[in-house]
Amino acid sequence: MRAVPLILATGVSAACATYRAGSFEMSGEPMLGERTTAGCLDLAVDVARDAVATGPVVQYQFGNRCDRAATIDLGGVRVTGRTATGEEVAMVPYDPYNEIRALALDARASGRERIEYRTSRELSGDVVAVCVAIGAIGGDAVPAAPLHTTCKDVVPPSAVAAAEVSP
């Protein structure tokens, strides 16, 4: 059985409500994961497994704290993985239709994206931790040096599949 790709970033989605700077909330719900600010962007990044995705999934949530549009560049984010044997591997977004690109996020708007990441070799199922350089998300912001990076362990794919089964 072939897995259907459900995790794909198609652009920046803006919520209807106005984002309040520093709140790390979208429509009254808290942003999940590691939080930081880069230029005009309040960012939260979390890593998980998905029962359908081959590789780990990174959830990005962002709010524009400025009174002008800000650029979100999810394609420029550096993501690495660590395998069960301790090897560090580069990871790339799974983007079969080449849709991930830098886009503008309106002033005081917020949005979210979930992107599956894979390795260049067939190691995605063996990746046990993912590190995301979240300071690079703001395409027009000069990131602090060094980039703020968050790392998170991910559960094995077999554990997700078992947890998603319902009678």
# chains A, B, ... in the order shown; residues from 1 in each chain; ligands from 1
>>> residues_around(residues="Glu116 of chain A", least_positions_apart="2", cutoff="8 Å", atoms="only C-alpha atoms", output="count of residues only")
12
>>> residues_around(residues="segment 41-49 of chain A", least_positions_apart="2", cutoff="6 Å", atoms="only C-alpha atoms", output="PyMOL selection string")
chain A and resi 31+33-39+56-65+154
>>> closest_residue(among="A:Ala104, A:Val127, A:Leu32, A:Ile115", to="Thr83 of chain A", atoms="only C-alpha atoms")
A:Val127
>>> residues_around(residues="Thr149 of chain A", least_positions_apart="3", cutoff="8 Å", atoms="only C-alpha atoms", output="list in words")
Cys131, Val132, Ala133, Ile134 and Gly135 of chain A
>>> atom_distance(atom1="atom CA of Ala102 of chain A", atom2="atom CA of Tyr19 of chain A")
20.0 Å
